[in-house]
Each structure stands twice: as C-alpha cells, then as structure tokens.
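Asker: Take this structure first; my questions come after.
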Amino acid sequence: MSTVTTIALEHRSPLRTLGWAGPALVILLALPWVTEPYQTILLAYGLVMGIAALGFNLLLGYTGLLSFGHSAYFGVGAYSVAFMVKYLGVTSMELFLAGSVVACMIVTAVFGFACVRYTRIFFGILTMALSQVLWSLAFKFFWVTGGTDGLRVPTPTLLGFITGKGDKIAFLATAYYYYVLGVFVLCVAVMWVIVNSPFGRALQAIRDNEVRAEFVGIQIRQYRWVAFLVSGVFTGLAGALWVPLNGLTTPDIMHWTFSGEIVFMTVLGGFRSFTGPIVGAIVFNYLKTYAIGYTVYWQGLLGLVLVILVLSLPTGIVGMVERLWARWRAK
Amino acid sequence: MDTLVIHVLNSLLYASVLFLIAGGLSLIYGVMRIVNLAHGNLYAFGAYVSAWVIGTQVARLQAGGREPSIPLLLVLLPAGALAAAAVGALLEPTLLRPFYKRAEEYQLLVTFGLLMILDDVIRFLWGPYPLSASVLFENFGSVTIGESIYPTYNFLVIAVGGLAAAFLWAFIYKTRFGVVLRATSQDMRMSSALGVNVNRVYVQAFTLGCLMAGLGGAIIVPSQSAVLGMGVDALILSFIVVVVGGLGSLEGALLGALIVGFVREAGIRYFPEIELAVLYLIAAVVLLIRPAGLFGRA
C-alpha cells in the first residue's frame, strides 16, 4: 500500500444536496406526462440499473473492492422473482421484492464470507468464479430455470391493487415507472445514510489505508462482509425490479460480461462520487440502447468508449462536471 | 479399456489447448502483473486467421483444379499464432503501457474494453458465421484404438501442446532472455536499475503470451470451427486454470490445464449438467484454501 489515493469523496451538507436533488426529482416525476411511453420505460431501465450500480459502488468506490461478479446478485434477484411466479403463483410486487432481498441476503452472505478474505485481483477473480457457478447452473438446469429460453414473468400487482391488466405498455410507462422511481428514491436515501454513517466512514478508512484502519480498531473483514452484503442486496433488488420490466429473465444477466457492464456504468459516471454510478447507469442505458439501434457493432463501439473513458476521463462524467463547475466558479 | 484410453486422450487434447491459452495469460500476469481480459479474444483471433488463410488457400488451389497439399497447409497453420503475436506487439505499447502506474481497476477495465472491441473486429472481418479449416482434420484420417476410431489430427494437437510446454520451460529457465524475464517478474525496479530495458521485456512477454494464445487457436481450428464467442468461453476456462495452478506460474498453468482437462472430460461423461459448475467450484475452493494457487507465490 505505498501509493494511497487520498481523493476524498465529495462531502456535502444534506441541504446543498437537496438543491440539485429536488429539481432532478421533479423532472423525473413529470416525465411520463411529457414524453412517449417508450422514453419513460427506457428511463425506468436506467433507474433500475442505477440502483444496481449504486449498490456495486459501495464496494468499489467506498470499500475499494472491485467485484467482477455482481451479475450473480442481480440474477439471484431476478430469478427469485421468476421462481416465485412459477412455483408459488405469487403476483404481488412487494412480495417479489421481499423474497428477492431474502434470497440475495442468503447468497451474498455465503459468497461474501468467502470473498472478503481477499482483496485486489484475487477478490475480483473469486467473485467472478462464484458468479459463473450460478450462471452455469441457470444455464444447464433448464427444467428448473428454462435454460437459455429463460423464465417469463407477467406484470405484477403493485401495492395490492394496481394491476397491469389490459395495456401493458401504459402500465409499465406510468404505474410501474412511478413504482420503480419510488423504490429508487428510497434506495438512494438509504445508501446516502449508509455512506455517511460511522459505518460508511469506516469503509472509506479501510479503502484508504487498511493497516491504519485496523490499528484504529476497525474489524476489517467483518466490515467488508457487511458492505458486501448490503451491496449485493441493492443489486438484487435492482434485479427484482428489472424482471417485470423486461418480462423475461435469461442466464445472460448472470454471465460475468454483465458484471463488466455494471463496472462500466459505474466508472462511466465516476466511482469516486455518490451520484456517479446513478448518472453512469442512466447514461450507459441510453448509450447502449442507441448504439444497438445504430450499428450491429455496438459492442465494439461501447468498448471504444470505455477505453477512451479510462484513458482520458478516469473520474467519469460526474468528476468531469464537478471539475468544470469548480473552474467556472473560480472565475 | 479403449474407452479409457480415448478419455485420457481427449483430456490431454483439452489440456494442450488450455495450457497454450492459460500459459500465455499466466506469463503476462507473472511478468507485467496485468490480467488481460482480452486474452481469450487473441486465441479466437488466431483461430480465425488460421481458418481464413487455410480456407482461401484451399479455395485457390481447388479453383485451379488441384488438391491442396497437406505439408503446405501445415506450414500455413501457424499464421494465426503470428497474427495474434503481431496484435499483441501492437497493443502493449499503445494501450497497456499508460496503465502500469495506475490502479488495477483501470487495467481490468481497459482490457475489458479491448475484449468488446476485438469481439466486434472479428465479427466485422469474418462475419457472424463459423469459419472452418476441416480439410486438414479430415486429411489426417483416423486410427483405431481397440474397437474405437480416433482422429489422428488430435495427436498433433497434443504433441504441439507438450512441445510448447517443453520449449517454454527451456526458454525461461535456460536462456539469457529467460533470466531477464524472471528477474523483471520478481522485481521490476531492481532489474531496471541493473540495466534491463523493462519496456522491451514487457513487449516481448506480452507478444509471447499472445503468440501462445494464437497458437492454441490455430491448432484447434481444424478440428473445431472458429465461432464468435469462443474467446470469452476460453478466457473463463483459462481463468480456472490459472487460479488452480497459481497466477503467474507456468508449472501451475500446466498442472491446472491437466486438472481442468481431465475434470471436463469426466464431467461431460458422468455429470454433464454440473460440469461447468464443478470447474468453477474447484477454482473457488482452491482460492479459499491456497489463494495463490497450487504453484503460486503469495
């Protein structure tokens, strides 16, 4: 640990945060009235991925652990919803969320226990290997998981009375969008509290200097384990929200290349800031959607964006905007 | 009895190709401390180039009404390895060199970006359809083992894998270049202070690693066609190999390739549903018990 990066995460007062969070929320609330359903659904995907990236960044940005296996927890969330539909006949969205959180807690508790013994590259490879175990199970046990065909999930019942009977697009673009937005705001608030709590500060201390943190009396492995758990559950929750939107869950979302996408969006937004992963996820979602529509070589295009990004903008979109803002204010 | 022999031969076949890919990955990590996520794509690139060179040559000869000669095709086969090496020699100084002084996360990300790009470069150059060079495979015919038939070409693959391992061992432990390579791997600053041109060693090591991956692709392509996605699959398998054997250790890559080869062959025969899961679990268990792998240095 000779070169410790000491770029502190932006420390803002809650009041100043409300200054930009308020208008952003108003725009998000008004959107279904001003845009087409397609745009709203697209944004719903972005918000869902935002929750996943937010959870992921608790490990990368705040604890300093790069996981290449977060697709597993996203997949556990998605598949637990699909299983509840297939085997238990559940249709309530609240039960879906509760069930996927419980399933994710169990899986991340076990995986996390194994993974947090390592850091750096070994942590990355171990998380990747474990996620691939789940992927291969989802892939091969087709009589349970549907194999590559996946499992279909019908539109759920929201809050016990809102159903998607009839126009599915309208349901997804209004009721479900607001539902996702509600969960999203809740997740952001909870994550904000977590990273600004003594626990969150301890994680940042571990990230910046493991040895010192241990001397201060922080039990590193336990803290990392809890961070892993929280991170996985957030990503799993995103998976559960994603399934009704997509209508189908396939093993692709468990594959490690999807983990790579989660890393990509987090770095795109900037993993050194709280809002970075959210911005990155939403931007990435648009980028990917339009790249797919624009060329069959969308993957290469995204790869090029990633390489250029890492070469020239290591602090991501949010980092760049903050720097420009600071320069503009200094004038 | 002869089915057992065939299973052993198949395992060795897997192990040979896996050793070539994973050995390159491990060599690159050992010297440069970079996990190259695009390594599998270089293997795929080698396979495509060899299949393309052989395919065009065969088509040209047949258009002239002649049968392709096998020795000529065998000489052309390593073209994929050379092409992969050339790509490696180009990539290291341009894309990877700026990242040695930065955090590991960025190195992983840039190679992940490279993976996405190379995947599509292959799709762009050769289209979405499989490319095969089965002429070579068919021309070698087959031998009978007991009551079973086994393709002769596979013996060539096993031999190349074994030879590559022996050659690499001699190269790294018996030559001057090997000494420099090992010194750089152990302590980059110290060897630099002693006058080693570290940049050059890095280019050479990366090129050698890519050459091995490309060779793996080149020798397997006559028996299996080159298809999109073969790179990512191979990368994951070679990750298991290097994790089991120890990142950065060539002996480990050899042992890991043999273990994965035999487990896969047994898996396909006895537990096909959980064959992949068992492999990943072996990797996870080895990481838990010996994080540095069976042959790794902590």
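A note on labels: chains of the structure tokens are A, B, ... as shown, every chain counts residues from 1, and ligands are counted from 1 in their shown order.
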For a quick test of understanding: name the residues of chain B lying within 6 Å of chain A when counting only C-alpha atoms, and present them as a ChimeraX atom specification.
Answerer: /B:110,113,116-117,120,273,277,280
Asker: Got time to write the residues from that selection, C-alpha atoms, as an mmCIF file, in the first residue's frame?
Answerer:
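selection_36.cif, freshly written:
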data_model
loop_
_atom_site.group_PDB
_atom_site.id
_atom_site.type_symbol
_atom_site.label_atom_id
_atom_site.label_comp_id
_atom_site.auth_asym_id
_atom_site.auth_seq_id
_atom_site.Cartn_x
_atom_site.Cartn_y
_atom_site.Cartn_z
ATOM 1 C CA VAL B 110 -9.185 -1.196 -20.337
ATOM 2 C CA GLY B 113 -12.984 -2.591 -23.310
ATOM 3 C CA MET B 116 -15.531 -5.808 -26.503
ATOM 4 C CA ILE B 117 -13.652 -4.172 -29.384
ATOM 5 C CA ASP B 120 -16.551 -6.949 -32.915
ATOM 6 C CA GLU B 273 -25.364 -30.756 -16.038
ATOM 7 C CA ALA B 277 -20.277 -25.522 -12.069
ATOM 8 C CA TYR B 280 -15.822 -23.052 -11.125
#
Asker: Assign secondary structure with DSSP using the backbone only, and return the residues of stretch 80-202 of chain A in strand (DSSP E or B) as a VMD selection string.
Answerer: chain A and resid 92 151 to 152 157 to 158 162
Asker: Would you save the residues from that selection as an mmCIF file, in the first residue's frame, using C-alpha atoms?
Answerer:
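Here's the written file again_12.cif:
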data_model
loop_
_atom_site.group_PDB
_atom_site.id
_atom_site.type_symbol
_atom_site.label_atom_id
_atom_site.label_comp_id
_atom_site.auth_asym_id
_atom_site.auth_seq_id
_atom_site.Cartn_x
_atom_site.Cartn_y
_atom_site.Cartn_z
ATOM 1 C CA SER A 92 -47.592 -9.126 -5.572
ATOM 2 C CA LEU A 151 -38.495 -17.753 -17.464
ATOM 3 C CA ARG A 152 -41.389 -15.466 -18.284
ATOM 4 C CA THR A 157 -49.771 -6.358 -8.823
ATOM 5 C CA LEU A 158 -48.487 -3.146 -7.255
ATOM 6 C CA ILE A 162 -52.808 -1.775 -9.212
#
Asker: Do you know which residues are at most 12 Å from B:Leu95 counting only C-alpha atoms, after dropping those on the same chain fewer than 2 positions away, and could you put them as a ChimeraX atom specification?
Answerer: /A:304,307-308,310-311 /B:36,87-93,97-100,106-107,109-111,113-114,203
Asker: Quick one: write out the picked residues with N, CA and C atoms as a short mmCIF file (atom, residue, chain, number, x, y, z; two decimals), in the first residue's frame?
Answerer:
data_model
loop_
_atom_site.label_atom_id
_atom_site.label_comp_id
_atom_site.auth_asym_id
_atom_site.auth_seq_id
_atom_site.Cartn_x
_atom_site.Cartn_y
_atom_site.Cartn_z
N LEU A 304 -14.87 0.87 -27.30
CA LEU A 304 -14.07 2.03 -27.66
C LEU A 304 -14.34 3.18 -26.68
N VAL A 307 -12.57 2.38 -23.41
CA VAL A 307 -11.12 2.58 -23.45
C VAL A 307 -10.78 4.07 -23.42
N ILE A 308 -11.49 4.85 -24.24
CA ILE A 308 -11.25 6.30 -24.27
C ILE A 308 -11.55 6.92 -22.91
N VAL A 310 -11.48 5.48 -19.91
CA VAL A 310 -10.49 5.14 -18.90
C VAL A 310 -9.18 5.89 -19.16
N LEU A 311 -8.86 6.10 -20.46
CA LEU A 311 -7.63 6.80 -20.80
C LEU A 311 -7.70 8.28 -20.46
N ASN B 36 -5.16 -9.88 -18.38
CA ASN B 36 -5.65 -9.43 -19.67
C ASN B 36 -6.98 -10.11 -19.99
N VAL B 87 -0.61 -8.58 -33.17
CA VAL B 87 -1.61 -7.74 -32.49
C VAL B 87 -1.13 -7.41 -31.08
N GLY B 88 -0.58 -8.42 -30.41
CA GLY B 88 -0.07 -8.20 -29.05
C GLY B 88 1.05 -7.18 -29.03
N ALA B 89 1.98 -7.31 -29.98
CA ALA B 89 3.12 -6.39 -30.03
C ALA B 89 2.66 -4.96 -30.28
N LEU B 90 1.51 -4.84 -30.96
CA LEU B 90 0.95 -3.52 -31.26
C LEU B 90 0.20 -2.95 -30.06
N LEU B 91 -0.50 -3.84 -29.35
CA LEU B 91 -1.38 -3.37 -28.27
C LEU B 91 -0.61 -2.93 -27.02
N GLU B 92 0.42 -3.69 -26.68
CA GLU B 92 1.07 -3.42 -25.40
C GLU B 92 1.60 -2.00 -25.30
N PRO B 93 2.42 -1.55 -26.27
CA PRO B 93 2.97 -0.19 -26.12
C PRO B 93 1.91 0.90 -26.24
N ARG B 97 0.56 0.26 -21.86
CA ARG B 97 1.67 0.93 -21.18
C ARG B 97 1.24 2.11 -20.31
N PRO B 98 0.25 2.92 -20.74
CA PRO B 98 -0.13 4.04 -19.87
C PRO B 98 -0.74 3.60 -18.53
N PHE B 99 -1.01 2.31 -18.37
CA PHE B 99 -1.79 1.89 -17.19
C PHE B 99 -0.97 1.21 -16.10
N TYR B 100 0.34 1.01 -16.33
CA TYR B 100 1.10 0.27 -15.33
C TYR B 100 1.17 0.99 -14.01
N TYR B 106 -8.29 0.03 -13.33
CA TYR B 106 -8.25 0.62 -14.67
C TYR B 106 -7.68 -0.37 -15.67
N GLN B 107 -6.70 -1.18 -15.23
CA GLN B 107 -6.14 -2.17 -16.15
C GLN B 107 -7.20 -3.18 -16.54
N LEU B 109 -10.38 -2.68 -16.56
CA LEU B 109 -11.38 -2.02 -17.39
C LEU B 109 -10.92 -1.84 -18.81
N VAL B 110 -9.65 -1.45 -18.98
CA VAL B 110 -9.18 -1.20 -20.34
C VAL B 110 -9.12 -2.51 -21.11
N THR B 111 -8.73 -3.60 -20.44
CA THR B 111 -8.71 -4.87 -21.16
C THR B 111 -10.13 -5.38 -21.40
N GLY B 113 -12.61 -3.35 -22.12
CA GLY B 113 -12.98 -2.59 -23.31
C GLY B 113 -12.39 -3.20 -24.57
N LEU B 114 -11.14 -3.65 -24.43
CA LEU B 114 -10.45 -4.28 -25.55
C LEU B 114 -11.16 -5.57 -25.96
N VAL B 203 7.08 -5.76 -23.73
CA VAL B 203 6.57 -6.01 -25.08
C VAL B 203 6.81 -7.46 -25.47
#
Asker: In Å, with one decimal, what is the gap from atom CA of A:Gln222 to atom CA of A:Phe113?
Answerer: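 Distance between the two atoms: 8.9 Å.
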Asker: Run DSSP on the backbone of this structure and report the residues of stretch 26-246 of chain A it assigns to helix (DSSP H, G or I), as a ChimeraX atom specification.
Answerer: /A:26-34,37-63,71-88,93-115,120-140,142-145,147-149,168-196,198-208,210-216,220-246
Asker: Can you list, as a list in words, every protein, DNA or RNA residue that comes within 9 Å of B:Phe239 when you count only C-alpha atoms, leaving out same-chain residues fewer than 3 positions away?
Answerer: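 Non-adjacent residues within range: Ile125 and Ala129 of chain A; Ala22, Leu25, Ala234, Leu235, Ile236, Val242, Val243, Val244, Leu247 and Ala283 of chain B.
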Asker: Just write the chosen residues, N, CA and C atoms, as a PDB file, in the first residue's frame.
Answerer:
ATOM      1  N   ILE A 125     -11.365 -12.042  -9.120  1.00  0.00           N
ATOM      2  CA  ILE A 125     -11.464 -13.351  -9.774  1.00  0.00           C
ATOM      3  C   ILE A 125     -12.382 -14.278  -8.990  1.00  0.00           C
ATOM      4  N   ALA A 129     -15.609 -16.106 -10.379  1.00  0.00           N
ATOM      5  CA  ALA A 129     -15.751 -17.567 -10.409  1.00  0.00           C
ATOM      6  C   ALA A 129     -17.067 -17.985  -9.758  1.00  0.00           C
TER       7      ALA A 129
ATOM      8  N   ALA B  22      -3.909 -20.511 -21.291  1.00  0.00           N
ATOM      9  CA  ALA B  22      -3.711 -20.103 -19.902  1.00  0.00           C
ATOM     10  C   ALA B  22      -2.249 -19.822 -19.608  1.00  0.00           C
ATOM     11  N   LEU B  25      -1.665 -16.328 -20.606  1.00  0.00           N
ATOM     12  CA  LEU B  25      -2.296 -15.429 -19.636  1.00  0.00           C
ATOM     13  C   LEU B  25      -1.447 -15.317 -18.373  1.00  0.00           C
ATOM     14  N   ALA B 234     -13.201 -19.377 -23.722  1.00  0.00           N
ATOM     15  CA  ALA B 234     -11.842 -19.827 -23.445  1.00  0.00           C
ATOM     16  C   ALA B 234     -11.233 -19.034 -22.305  1.00  0.00           C
ATOM     17  N   LEU B 235     -11.548 -17.742 -22.237  1.00  0.00           N
ATOM     18  CA  LEU B 235     -10.988 -16.907 -21.177  1.00  0.00           C
ATOM     19  C   LEU B 235     -11.409 -17.427 -19.809  1.00  0.00           C
ATOM     20  N   ILE B 236     -12.707 -17.763 -19.690  1.00  0.00           N
ATOM     21  CA  ILE B 236     -13.208 -18.218 -18.406  1.00  0.00           C
ATOM     22  C   ILE B 236     -12.550 -19.543 -18.011  1.00  0.00           C
ATOM     23  N   VAL B 242      -5.590 -20.893 -14.394  1.00  0.00           N
ATOM     24  CA  VAL B 242      -4.545 -20.128 -13.698  1.00  0.00           C
ATOM     25  C   VAL B 242      -4.860 -19.964 -12.216  1.00  0.00           C
ATOM     26  N   VAL B 243      -6.146 -19.951 -11.868  1.00  0.00           N
ATOM     27  CA  VAL B 243      -6.486 -19.842 -10.461  1.00  0.00           C
ATOM     28  C   VAL B 243      -6.098 -21.131  -9.742  1.00  0.00           C
ATOM     29  N   VAL B 244      -6.358 -22.268 -10.383  1.00  0.00           N
ATOM     30  CA  VAL B 244      -5.999 -23.542  -9.767  1.00  0.00           C
ATOM     31  C   VAL B 244      -4.480 -23.667  -9.676  1.00  0.00           C
ATOM     32  N   LEU B 247      -1.646 -17.864 -10.400  1.00  0.00           N
ATOM     33  CA  LEU B 247      -1.422 -16.801 -11.381  1.00  0.00           C
ATOM     34  C   LEU B 247       0.069 -16.522 -11.479  1.00  0.00           C
ATOM     35  N   ALA B 283     -12.151 -24.040  -8.764  1.00  0.00           N
ATOM     36  CA  ALA B 283     -11.380 -22.796  -8.715  1.00  0.00           C
ATOM     37  C   ALA B 283     -11.641 -22.050  -7.418  1.00  0.00           C
TER      38      ALA B 283
END
Asker: Would you compute the distance between atom CA of B:Leu211 and atom CA of B:Ala86? Give it in Å to one decimal.
Answerer: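 According to the coordinates, atom CA of B:Leu211 and atom CA of B:Ala86 are separated by 8.2 Å.
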Asker: Need the shell around B:Pro130: protein/DNA/RNA residues with any atom at most 8 Å away, counting only C-alpha atoms. Skip same-chain ones fewer than 6 positions apart. Format as a list in words?
Answerer: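 Selected residues are Ser225, Ala226, Val227 and Leu228 of chain B.
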Asker: Which is closer to A:Phe171 than all the others in A:Ser100, A:Thr315, A:Thr40, A:Thr289, using only C-alpha atoms?
Answerer: A:Thr40
